[in-house]
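Asker: Sending over a structure as structure tokens; questions will come in a sec.
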Amino acid sequence: MPNYVTSVGMEVHAELSTKSKMFCRCQVAFGGEPNTRTCPVCLALPGSLPVPNREAIEMVIKTALALNCKIGGTKEESIFHRKNYFYPDIPKGFQTTQYGEENPFGYHGYLEIPTPDGGTKRIGIRRIHLEEDTGKLMHLPSGGSGIDYNRAGTPLMEIVTDFPPDIHNGEEAKEYLSQLRQILMYLGVCDGKMEEGSLRCEPNISIAPEGSKELGVKSELKNLNSFRSVQMGIAFESRRQEAALENGETLLQETRGWNEQKESSFAMRIKEAENDYRYFPCPDLVPMSFTPEYIEELRANLPELPLAKFQRYTQEYGLSAYDANLLISEREWAYWFEEAIEKGGEPKAICNWMNSDFAKMLNEEGITSRQSKITPDHLVELVKLIEDGTISGKIAKTIFAKAYETGDMPKKLVEASGATQISDTGAIKAQVQAVLDANPDVVAKYKGGNMGVKGFLVGQIMKATQGRANPGIVQQLLDELLSS
Amino acid sequence: MAISLDEVRHVAKLARLDLDEPEIMSLQTELNALIGHFSDIQAVDFGGVDPKLHASNLTNVWAEDVPRSSFKRELALKNAPMSKAGLFLVPMIIED
Amino acid sequence: MSITSLTAVEIAAKLRSKEVSAVEVTTAFLDRIDSEDAKYGAFLAYDREKAIAEAEAAQGRIDSGDSLPMTGVPVAVKDNISTEGIETTCASKILKGYIPPYDATVVEKLKAQGAIILGKTNLDEFAMGSSTETSAYKLAHNPWDLTRTPGGSSGGSAAAVAADLAPVSLGSDTGGSIRLPASFTGTVGYKPTYGRCSRFGLVAFASSLDQIGPITKTVEDAALLAEATTGHDERDATSNPAPAVSSRELKSGTLKGLKLAFPREMYGEGTDPEVQKAIQASLDALRREGATVDEISIPSIPLGVTTYYIIAPAEASSNLARFDGVRYGPRSQGQGHIDVVAKTRAEGFGHEVKARIMIGTYALSAGYYDAFYLRAQQVRAMMTQQFLDAFKDYDFIVSPTAPVVAFKLGDLSQDPMAMKTLDYCTIPANMGGLPGISIPCGFAHGLPVGLQLMGAPMEDERMLQAAYCAEQLFAVSPKRPNL
């Protein structure tokens with residue numbers, strides 16, 4: 001029994017975060033009452049004509065730049081094509097898209113993914129192009145279907161990995177998807193919500209004996225609604241195809257659906273042969289070409305991408321990989337962090353507060369950093385108060401929680417609570433002495449060799465000072481007085 | 001380069017036209033007459049000219065991403081032969 | 001002199017001088033349509049109340065001194081141009097009852113001027129034809145001889161103007177559909193440079209060839225209507241950035257020194273010798289005025305019809321895919337959605353439309369795209385270049401508009417190839433995106449003959465000027481048929 005290698009081609013569709021549709025200016029939004037965002041163009045009324053959305057085009061070019069692609073098609077000019085087929089959710093009877101190797105906005109790029117051994121691997125990207133989304137078809141319980149054209153015409157960016165595939169298992173596919181999603185969100189071109197359909201993935205999976213130069217027969221998987229489904233689906237397909245081959249069966253090139261409940265794939269009708277899409281250049285739209293200056297301007301204005309931020313946080317700020325990854329997990333989180341650093345916050349301290357107390361509170365309440373009352377100013381101030389010894393780390397936690405609730409600045413809260421740290425050696429010494437005097441038997445135990453009781457003594461001192469005594473000074477003085 | 005009856009039927013399917021047999025046969029004749037003429041352009045020497053895929057010399061025509069108001073739903077559905085609950089209705093999609 | 005025999009320029013002048021009122025003018029034409037159109041079959045629909053209301057509003061503008069050149073002038077609009085609230089059928093059953101919720105840009109522009117939308121005119125179904133005989137609703141008849149066609153596909157628009165049912169009209173032209181009917185009815189038909197007139201709201205036939213343009217009694221009227229309807233439109237991505245075609249500079253003048261070229265290939269097979277005689281007489285008249293007319297050769301012209309019958313149906317097969325009975329139009333009975341769509345289309349489209357959809361689908365299909373569609377676009381590029389080269393040495397190209405005069409209804413219906421070759425002389429202008437105009441230049445067999453002028457892209461104003469002078473020179477008489 002030969003060793004099989006799986007090969008996965010990833011086809012990802014991302015709904016672009018434009019305000020209006022690709023070829024008309026109806027608003028783009030999620031949900032809402034059916035057929036309330038339509039016009040002659042996206043309803044394909046007789047006589048209507050498309051006009052491309054400039055922002056959508058720029059978003060695709062930015063994505064292509066971020067993914068290290070060449071821009072503009074091999075003929076230095078990109079055009080739109082018509083893909084002709086009939087289905088109730090495509091009102092024109094054709095989809096406007098971009099066809100052909102010579103033509104997409106971006107081509108021959110790559111994305112780096114981390115590998116389990118701590119290194120990175122390049123996943124080649126063959127093409128990135130622009131097209132429009134279909135309407136939504138809903139099967140009705142009474143029979144028949146209802147169509148909502150609100151989504152029809154939404155700009156859709158398609159990203160296709162290179163051939164032969166660089167991805168060989170579900171984990172790599174998941175990592176690819178995860179990195180891609182993060183980059184798209186960082187660029188602000190897609191909100192990455194797979195559950196809302198903003199990001200869709202259709203892997204093409206085939207297996208071949210190890211060392212074989214040819215790829216096996218592929219199957220395309222549809223209906224994968226999460227990263228987990230993608231990973232599981234690929235693993236399932238690998239096993240299914242291998243089992244079939246072992247059984248002496250011939251594999252068919254097919255489209256298969258993913259059943260989330262059963263965690264398995266099922267055959268869908270084979271429609272391939274019938275679909276002659278008769279692609280031809282759309283005569284209602286004109287070619288697009290971009291000057292090197294324009295491309296450079298876009299490239300220069302790209303936001304710093306997650307990978308670059310990761311490297312900067314770990315190398316410049318000395319943060320751990322784990323911490324850095326938490327910070328860059330969401331663009332807004334990284335921006336919040338950077339704003340705090342800009343305002344003078346110490347990176348490691350800010351990072352720790354963000355990734356522990358702050359994150360916990362936000363998660364509990366289910367809100368984002370910008371929605372909370374805590375601003376970078378709050379945290380910067382808090383960290384400074386700890387740094388200069390005004391409050392202890394422990395007290396700071398209480399202050400932070402209060403600030404989160406009220407939005408008041410930490411300094412103000414500290415003053416109001418009278419919780420400033422006591423660092424006056426004389427005052428503390430007096431307290432320490434008082435505790436020792438009140439607990440002679442404990443002191444005796446300590447002097448008898450029982451080190452553990454020191455904690456009790458520290459506790460009593462903190463209690464006596466409402467927790468405000470500087471812990472370091474307490475330890476120092478306690479040691480001094482105990483040894484005398 | 002004649003077109004067969006089967007090819008005519010296949011094209012009719014692609015074009016979603018439910019043609020009856022007499023129509024298929026008459027179309028076969030008409031299409032063959034046209035296709036016969038198509039050979040006129042097969043042998044032409046173009047002198048290496050690129051196909052004129054777009055009628056004008058315009059490039060880079062696009063619109064700013066500013067949303068405009070859409071149709072009220074009643075207007076969008078006004079001409080629909082069948083609609084219900086704000087949706088355009090179609091019969092069940094039986095694929096053959 | 002009755003109002004209905006006046007030109008638009010004359011009507012506009014009488015309105016401004018308060019000699020007539022806008023309501024009088026519109027009513028005169030509506031009454032004439034009511035009483036006479038049964039003979040001509042020029043109109044498919046008109047809304048009297050709406051038109052009168054528009055006329056009243058126009059009068060308000062005239063009274064307050066707020067009028068523009070077309071204020072109060074009635075315009076008949078070809079029924080493949082979207083008019084809000086007025087049924088727009090493209091002369092097809094598949095759009096029966098379709099009432100557009102929006103106006104085409106040209107209609108918006110006319111309304112903005114206070115022009116009156118008089119009604120929708122008859123055409124070949126989806127503008128596919130040269131005789132208006134494929135209209136699913138009624139035949140159109142040539143006012144010069146009711147047994148004959150007024151030409152097509154804008155036959156209704158041409159018949160309306162020739163029969164004094166409208167002072168001016170809008171048609172559309174994909175392979176000659178404005179110019180050919182103008183030639184058959186002794187009217188003026190002008191197709192602008194591709195992109196100068198917005199196609200937004202024009203039900204698409206062949207997107208890279210279609211243009212809307214005027215059919216009128218005079219070149220002056222054509223210029224007036226062109227100025228009101230052309231110009232950049234941001235809703236049409238193929239719209240030329242240039243402003244509207246200007247009509248201000250039309251002046252009587254000389255043709256002396258004008259360099260004209262006549263491609264010998266324009267006298268193709270099937271040219272009626274009487275038509276040829278009329279054309280030659282016109283060319284001689286031009287020469288006597290001091291213009292030069294050189295015979296040249298544009299070898300690709302004979303390939304035009306074949307090339308057109310690949311490109312146009314291919315684009316049409318895609319443009320007509322939206323007609324499926326889902327969002328508008330009647331819906332047929334069937335088993336399941338696919339069957340319903342296939343039956344809706346088979347029953348809703350007429351034979352000629354189905355044939356063109358079929359040939360177009362075929363020409364784009366796998367295995368044939370390169371040999372047919374791509375190759376046809378190469379021929380088109382070559383043809384365009386040959387015309388552009390000719391314009392380096394000549395001001396305009398002249399030719400017959402059509403090889404024949406208006407033929408009897410039914411004569412060519414058994415001969416689809418003969419019908420297609422009617423567009424032989426007009427197709428090149430669409431292929432090259434060139435401006436073209438047909439003006440009456442004489443008669444053959446007692447029926448009108450049209451002379452066609454073509455210019456280089458964007459030379460519309462100069463071409464209209466030359467046509468204006470030629471029109472005055474020819475002084476064709478009689479100007480009107482016996483109505």
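All residue names refer to the structure tokens as shown: chains lettered A, B, ... in order, residues numbered from 1 in each chain, ligands numbered from 1 in order.
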Would you pick out the contacts of segment 248-259 of chain C at 9 Å or less, using only C-alpha atoms, so that residues sharing its chain but fewer than 4 positions from it are not included, and give the list as a list in words?
Answerer: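 The residues satisfying every condition are Glu220, Ala223, Leu224, Glu227, Leu286, Arg287, Arg288, Glu289, Gly290, Ala291, Thr292, Val293, Asp294, Asp393, Tyr394, Asp395, Phe396, Ile397, Glu461, Arg462, Leu464, Gln465, Ala466, Tyr468, Cys469, Ala470 and Gln472 of chain C.
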Asker: As a PyMOL selection string, which residues of segment 272-370 of chain A does DSSP assign to alpha helix (DSSP H)?
Answerer: chain A and resi 292-300+306-315+321-328+331-342+347-353+359-365
Asker: Give me, as a tab-separated table, the closest atom pair and its distance (Å, one decimal) for every residue of chain C within a cut-off of 7 Å of chain B, counting only C-alpha atoms, rows sorted by chain and rising number.
Answerer:
residue	atom	partner	partner_atom	distance
C:Tyr98	CA	B:Asn79	CA	6.2
C:Ile99	CA	B:Asn79	CA	7.0
C:Pro101	CA	B:Leu75	CA	6.9
C:Ser208	CA	B:Ala55	CA	5.3
C:Ala237	CA	B:Val61	CA	6.0
C:Thr306	CA	B:Phe38	CA	6.3
C:Gly325	CA	B:Pro81	CA	7.0
C:Val326	CA	B:Ala80	CA	6.4
C:Arg327	CA	B:Ala80	CA	4.5
C:Tyr328	CA	B:Asn79	CA	4.7
C:Gly329	CA	B:Pro81	CA	6.8
C:Pro330	CA	B:Pro81	CA	6.2
C:Arg331	CA	B:Pro81	CA	6.5
C:Gly336	CA	B:Met92	CA	5.0
C:His337	CA	B:Pro91	CA	4.9
C:Ile338	CA	B:Ile93	CA	6.5
C:Val341	CA	B:Arg16	CA	6.8
C:Ala342	CA	B:Leu17	CA	4.5
C:Lys343	CA	B:Asp18	CA	5.2
C:Arg345	CA	B:Leu17	CA	5.8
C:Ala346	CA	B:Leu17	CA	5.1
C:Ala355	CA	B:Leu27	CA	6.5
C:Met358	CA	B:Val11	CA	6.5
C:Ile359	CA	B:Leu31	CA	6.3
C:Thr361	CA	B:Val11	CA	6.6
C:Tyr362	CA	B:Val11	CA	6.3
C:Leu374	CA	B:Pro51	CA	6.4
C:Gln377	CA	B:Pro51	CA	4.7
C:Gln378	CA	B:Pro51	CA	3.9
C:Val379	CA	B:Phe46	CA	6.8
C:Arg380	CA	B:Lys52	CA	6.3
C:Ala381	CA	B:Lys52	CA	4.9
C:Met382	CA	B:Phe46	CA	6.4
C:Gly433	CA	B:Ala55	CA	6.4
Asker: Rounded to one decimal in Å, what is the spacing between atom CA of Gly450 of chain C and atom CA of Thr401 of chain C?
Answerer: 5.4 Å
Asker: At a cut-off of 6 Å, list the chain C residues touching chain A, using only C-alpha atoms, as a tab-separated table (two decimals) with N, CA, C and O atoms, in the first residue's frame.
Answerer:
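Output (part04.tsv):
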chain	number	residue	atom	x	y	z
C	200	PHE	N	-27.69	54.01	-21.57
C	200	PHE	CA	-28.38	53.64	-20.34
C	200	PHE	C	-29.88	53.76	-20.55
C	200	PHE	O	-30.41	54.83	-20.80
C	201	GLY	N	-30.57	52.63	-20.50
C	201	GLY	CA	-32.00	52.62	-20.75
C	201	GLY	C	-32.34	52.11	-22.13
C	201	GLY	O	-33.52	51.87	-22.43
C	202	LEU	N	-31.34	51.92	-22.99
C	202	LEU	CA	-31.59	51.30	-24.29
C	202	LEU	C	-31.49	49.80	-24.09
C	202	LEU	O	-30.45	49.31	-23.63
C	203	VAL	N	-32.56	49.07	-24.40
C	203	VAL	CA	-32.51	47.63	-24.19
C	203	VAL	C	-31.45	47.08	-25.12
C	203	VAL	O	-31.54	47.20	-26.34
C	204	ALA	N	-30.42	46.49	-24.54
C	204	ALA	CA	-29.24	46.13	-25.31
C	204	ALA	C	-29.50	45.02	-26.32
C	204	ALA	O	-30.10	44.01	-26.01
C	207	SER	N	-24.07	45.32	-27.53
C	207	SER	CA	-23.56	46.44	-26.74
C	207	SER	C	-22.45	47.23	-27.41
C	207	SER	O	-22.34	48.43	-27.20
C	208	SER	N	-21.60	46.56	-28.19
C	208	SER	CA	-20.46	47.28	-28.78
C	208	SER	C	-20.83	47.96	-30.09
C	208	SER	O	-20.00	48.61	-30.71
C	237	ALA	N	-20.72	53.15	-18.82
C	237	ALA	CA	-19.26	53.12	-18.74
C	237	ALA	C	-18.60	53.24	-20.11
C	237	ALA	O	-17.40	53.47	-20.20
C	321	ALA	N	-30.23	37.08	-22.16
C	321	ALA	CA	-30.35	36.00	-21.18
C	321	ALA	C	-31.18	36.43	-19.97
C	321	ALA	O	-31.70	35.61	-19.23
C	322	ARG	N	-31.31	37.74	-19.75
C	322	ARG	CA	-32.06	38.21	-18.58
C	322	ARG	C	-33.57	38.03	-18.75
C	322	ARG	O	-34.31	38.14	-17.78
C	364	LEU	N	-20.13	31.61	-29.56
C	364	LEU	CA	-19.34	31.80	-28.34
C	364	LEU	C	-18.99	30.49	-27.67
C	364	LEU	O	-18.22	30.47	-26.72
C	365	SER	N	-19.57	29.40	-28.15
C	365	SER	CA	-19.45	28.16	-27.39
C	365	SER	C	-18.06	27.55	-27.53
C	365	SER	O	-17.29	27.88	-28.42
Asker: Pick the closest to chain B from A:Ser238, A:Thr6, A:Thr314, A:Asn53: which is it, counting only C-alpha atoms?
Answerer: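 Among A:Ser238, A:Thr6, A:Thr314, A:Asn53, it is A:Asn53 that comes nearest to chain B.
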Asker: Skip Leu187 of chain A itself and residues of its chain fewer than 6 positions away, then list as number ranges by chain all residues within 9 Å of it, counting only C-alpha atoms.
Answerer: A: 59, 62-63, 66, 302-305
Asker: Keeping only C-alpha atoms, write the selected residues as a compact mmCIF listing (two decimals), in the first residue's frame.
Answerer:
# COMPACT_ATOMS: atom_id res chain seq x y z
CA MET A 59 -9.13 46.87 -2.52
CA LYS A 62 -4.04 46.36 -2.26
CA THR A 63 -4.69 42.71 -1.52
CA ALA A 66 -0.02 42.54 0.29
CA LEU A 302 -0.60 49.80 2.79
CA PRO A 303 -1.09 49.39 6.53
CA GLU A 304 1.60 47.42 8.36
CA LEU A 305 0.61 43.79 8.02
Asker: Mind checking which residues fall within 9 Å of segment 170-177 of chain C, counting only C-alpha atoms, ignoring those fewer than 3 positions away in the same chain, and posting them as a PyMOL selection string?
Answerer: chain C and resi 75-81+121+123+127-130+151-158+180-182+189-191+202+205-216+225+305+308+312+401+422-431
Asker: Please list as a list of chain:residue names every residue within 12 Å of Lys373 of chain A, counting only C-alpha atoms and excluding residues in the same chain fewer than 6 positions away.
Answerer: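 Once the adjacent positions are removed, what remains is A:Phe358, A:Met361, A:Leu362, A:Ile367, A:Leu379, A:Phe400, A:Ala401, A:Lys402, A:Ala403, A:Tyr404, A:Glu405, A:Thr406, A:Gly407, A:Asp408, A:Met409.
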Asker: Could the residues in this selection be saved with N, CA, C and O atoms as a PDB file, in the first residue's frame?
Answerer:
ATOM      1  N   PHE A 358      -7.687  43.174  30.837  1.00  0.00           N
ATOM      2  CA  PHE A 358      -8.519  43.891  29.880  1.00  0.00           C
ATOM      3  C   PHE A 358      -9.272  42.908  28.986  1.00  0.00           C
ATOM      4  O   PHE A 358     -10.484  42.995  28.832  1.00  0.00           O
ATOM      5  N   MET A 361     -12.123  41.095  30.768  1.00  0.00           N
ATOM      6  CA  MET A 361     -13.334  41.908  30.982  1.00  0.00           C
ATOM      7  C   MET A 361     -14.101  42.127  29.697  1.00  0.00           C
ATOM      8  O   MET A 361     -15.332  42.077  29.678  1.00  0.00           O
ATOM      9  N   LEU A 362     -13.375  42.388  28.606  1.00  0.00           N
ATOM     10  CA  LEU A 362     -14.047  42.622  27.328  1.00  0.00           C
ATOM     11  C   LEU A 362     -14.808  41.363  26.900  1.00  0.00           C
ATOM     12  O   LEU A 362     -15.941  41.442  26.439  1.00  0.00           O
ATOM     13  N   ILE A 367     -17.818  42.954  24.410  1.00  0.00           N
ATOM     14  CA  ILE A 367     -17.631  44.200  23.644  1.00  0.00           C
ATOM     15  C   ILE A 367     -16.192  44.302  23.144  1.00  0.00           C
ATOM     16  O   ILE A 367     -15.344  43.502  23.534  1.00  0.00           O
ATOM     17  N   LEU A 379      -4.767  53.152  30.466  1.00  0.00           N
ATOM     18  CA  LEU A 379      -3.796  52.097  30.767  1.00  0.00           C
ATOM     19  C   LEU A 379      -2.391  52.670  30.919  1.00  0.00           C
ATOM     20  O   LEU A 379      -1.627  52.245  31.789  1.00  0.00           O
ATOM     21  N   PHE A 400      -7.978  49.238  38.107  1.00  0.00           N
ATOM     22  CA  PHE A 400      -8.302  48.985  36.710  1.00  0.00           C
ATOM     23  C   PHE A 400      -9.766  48.569  36.561  1.00  0.00           C
ATOM     24  O   PHE A 400     -10.478  49.074  35.701  1.00  0.00           O
ATOM     25  N   ALA A 401     -10.178  47.668  37.421  1.00  0.00           N
ATOM     26  CA  ALA A 401     -11.564  47.202  37.334  1.00  0.00           C
ATOM     27  C   ALA A 401     -12.534  48.362  37.527  1.00  0.00           C
ATOM     28  O   ALA A 401     -13.563  48.452  36.852  1.00  0.00           O
ATOM     29  N   LYS A 402     -12.192  49.260  38.471  1.00  0.00           N
ATOM     30  CA  LYS A 402     -13.041  50.428  38.731  1.00  0.00           C
ATOM     31  C   LYS A 402     -13.081  51.339  37.494  1.00  0.00           C
ATOM     32  O   LYS A 402     -14.123  51.828  37.103  1.00  0.00           O
ATOM     33  N   ALA A 403     -11.893  51.561  36.950  1.00  0.00           N
ATOM     34  CA  ALA A 403     -11.809  52.435  35.773  1.00  0.00           C
ATOM     35  C   ALA A 403     -12.619  51.854  34.622  1.00  0.00           C
ATOM     36  O   ALA A 403     -13.293  52.578  33.885  1.00  0.00           O
ATOM     37  N   TYR A 404     -12.586  50.550  34.465  1.00  0.00           N
ATOM     38  CA  TYR A 404     -13.340  49.872  33.407  1.00  0.00           C
ATOM     39  C   TYR A 404     -14.829  50.127  33.573  1.00  0.00           C
ATOM     40  O   TYR A 404     -15.557  50.341  32.614  1.00  0.00           O
ATOM     41  N   GLU A 405     -15.245  50.120  34.835  1.00  0.00           N
ATOM     42  CA  GLU A 405     -16.665  50.322  35.143  1.00  0.00           C
ATOM     43  C   GLU A 405     -17.104  51.763  34.929  1.00  0.00           C
ATOM     44  O   GLU A 405     -18.145  52.024  34.355  1.00  0.00           O
ATOM     45  N   THR A 406     -16.280  52.694  35.466  1.00  0.00           N
ATOM     46  CA  THR A 406     -16.714  54.094  35.493  1.00  0.00           C
ATOM     47  C   THR A 406     -16.130  54.940  34.380  1.00  0.00           C
ATOM     48  O   THR A 406     -16.658  56.001  34.068  1.00  0.00           O
ATOM     49  N   GLY A 407     -14.987  54.533  33.857  1.00  0.00           N
ATOM     50  CA  GLY A 407     -14.320  55.358  32.863  1.00  0.00           C
ATOM     51  C   GLY A 407     -13.459  56.432  33.474  1.00  0.00           C
ATOM     52  O   GLY A 407     -12.826  57.210  32.770  1.00  0.00           O
ATOM     53  N   ASP A 408     -13.420  56.484  34.794  1.00  0.00           N
ATOM     54  CA  ASP A 408     -12.576  57.489  35.455  1.00  0.00           C
ATOM     55  C   ASP A 408     -11.112  57.166  35.265  1.00  0.00           C
ATOM     56  O   ASP A 408     -10.718  56.019  35.178  1.00  0.00           O
ATOM     57  N   MET A 409     -10.285  58.204  35.247  1.00  0.00           N
ATOM     58  CA  MET A 409      -8.851  57.999  35.085  1.00  0.00           C
ATOM     59  C   MET A 409      -8.263  57.423  36.376  1.00  0.00           C
ATOM     60  O   MET A 409      -8.694  57.785  37.479  1.00  0.00           O
TER      61      MET A 409
END
Asker: Enumerate, as a PyMOL selection string, the complete set of residues in segment 237-439 of chain C that a backbone-based DSSP assignment places in strand (DSSP E).
Answerer: chain C and resi 259-263+292-296+396-400+436-439
Asker: Just N, CA, C and O atoms for this one: save the residues we selected as an mmCIF file, in the first residue's frame.
Answerer:
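The new file result-v3.cif reads:
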data_model
loop_
_atom_site.group_PDB
_atom_site.id
_atom_site.type_symbol
_atom_site.label_atom_id
_atom_site.label_comp_id
_atom_site.auth_asym_id
_atom_site.auth_seq_id
_atom_site.Cartn_x
_atom_site.Cartn_y
_atom_site.Cartn_z
ATOM 1 N N LYS C 259 -13.387 67.051 -49.398
ATOM 2 C CA LYS C 259 -12.804 65.869 -50.032
ATOM 3 C C LYS C 259 -13.607 64.638 -49.635
ATOM 4 O O LYS C 259 -13.593 64.237 -48.469
ATOM 5 N N LEU C 260 -14.310 64.086 -50.597
ATOM 6 C CA LEU C 260 -15.151 62.920 -50.324
ATOM 7 C C LEU C 260 -14.566 61.682 -50.988
ATOM 8 O O LEU C 260 -13.947 61.775 -52.035
ATOM 9 N N ALA C 261 -14.783 60.552 -50.338
ATOM 10 C CA ALA C 261 -14.303 59.289 -50.914
ATOM 11 C C ALA C 261 -15.477 58.332 -51.054
ATOM 12 O O ALA C 261 -16.338 58.259 -50.188
ATOM 13 N N PHE C 262 -15.524 57.642 -52.171
ATOM 14 C CA PHE C 262 -16.570 56.652 -52.402
ATOM 15 C C PHE C 262 -15.907 55.292 -52.544
ATOM 16 O O PHE C 262 -15.229 55.035 -53.538
ATOM 17 N N PRO C 263 -16.078 54.402 -51.548
ATOM 18 C CA PRO C 263 -15.457 53.083 -51.674
ATOM 19 C C PRO C 263 -16.198 52.259 -52.716
ATOM 20 O O PRO C 263 -17.413 52.051 -52.598
ATOM 21 N N THR C 292 -14.728 67.255 -54.112
ATOM 22 C CA THR C 292 -14.136 66.188 -54.927
ATOM 23 C C THR C 292 -14.679 64.860 -54.411
ATOM 24 O O THR C 292 -14.895 64.704 -53.209
ATOM 25 N N VAL C 293 -14.959 63.964 -55.320
ATOM 26 C CA VAL C 293 -15.409 62.630 -54.932
ATOM 27 C C VAL C 293 -14.486 61.626 -55.599
ATOM 28 O O VAL C 293 -14.551 61.436 -56.820
ATOM 29 N N ASP C 294 -13.610 61.039 -54.829
ATOM 30 C CA ASP C 294 -12.680 60.045 -55.375
ATOM 31 C C ASP C 294 -13.193 58.647 -55.109
ATOM 32 O O ASP C 294 -13.728 58.361 -54.045
ATOM 33 N N GLU C 295 -12.987 57.796 -56.089
ATOM 34 C CA GLU C 295 -13.316 56.388 -55.836
ATOM 35 C C GLU C 295 -12.130 55.757 -55.128
ATOM 36 O O GLU C 295 -10.980 55.920 -55.550
ATOM 37 N N ILE C 296 -12.369 55.097 -54.004
ATOM 38 C CA ILE C 296 -11.279 54.408 -53.293
ATOM 39 C C ILE C 296 -11.670 52.958 -53.082
ATOM 40 O O ILE C 296 -12.773 52.554 -53.466
ATOM 41 N N PHE C 396 -14.870 62.955 -45.583
ATOM 42 C CA PHE C 396 -15.976 62.029 -45.315
ATOM 43 C C PHE C 396 -16.000 60.937 -46.371
ATOM 44 O O PHE C 396 -15.470 61.099 -47.465
ATOM 45 N N ILE C 397 -16.648 59.863 -46.017
ATOM 46 C CA ILE C 397 -16.879 58.781 -46.968
ATOM 47 C C ILE C 397 -18.351 58.809 -47.337
ATOM 48 O O ILE C 397 -19.209 59.002 -46.483
ATOM 49 N N VAL C 398 -18.642 58.694 -48.646
ATOM 50 C CA VAL C 398 -20.030 58.676 -49.095
ATOM 51 C C VAL C 398 -20.348 57.313 -49.697
ATOM 52 O O VAL C 398 -19.460 56.625 -50.198
ATOM 53 N N SER C 399 -21.618 56.965 -49.633
ATOM 54 C CA SER C 399 -22.071 55.705 -50.210
ATOM 55 C C SER C 399 -23.587 55.716 -50.262
ATOM 56 O O SER C 399 -24.216 56.587 -49.660
ATOM 57 N N PRO C 400 -24.188 54.743 -50.950
ATOM 58 C CA PRO C 400 -25.631 54.604 -50.793
ATOM 59 C C PRO C 400 -25.886 54.188 -49.343
ATOM 60 O O PRO C 400 -25.026 53.565 -48.714
ATOM 61 N N GLY C 436 -22.486 58.266 -38.614
ATOM 62 C CA GLY C 436 -23.022 58.075 -39.958
ATOM 63 C C GLY C 436 -24.375 58.738 -40.069
ATOM 64 O O GLY C 436 -25.119 58.819 -39.084
ATOM 65 N N ILE C 437 -24.694 59.253 -41.244
ATOM 66 C CA ILE C 437 -25.990 59.894 -41.436
ATOM 67 C C ILE C 437 -26.516 59.583 -42.827
ATOM 68 O O ILE C 437 -25.744 59.486 -43.790
ATOM 69 N N SER C 438 -27.830 59.394 -42.913
ATOM 70 C CA SER C 438 -28.460 59.196 -44.218
ATOM 71 C C SER C 438 -29.349 60.400 -44.499
ATOM 72 O O SER C 438 -30.155 60.789 -43.652
ATOM 73 N N ILE C 439 -29.184 61.001 -45.678
ATOM 74 C CA ILE C 439 -30.072 62.097 -46.073
ATOM 75 C C ILE C 439 -30.730 61.739 -47.408
ATOM 76 O O ILE C 439 -30.133 61.040 -48.234
#
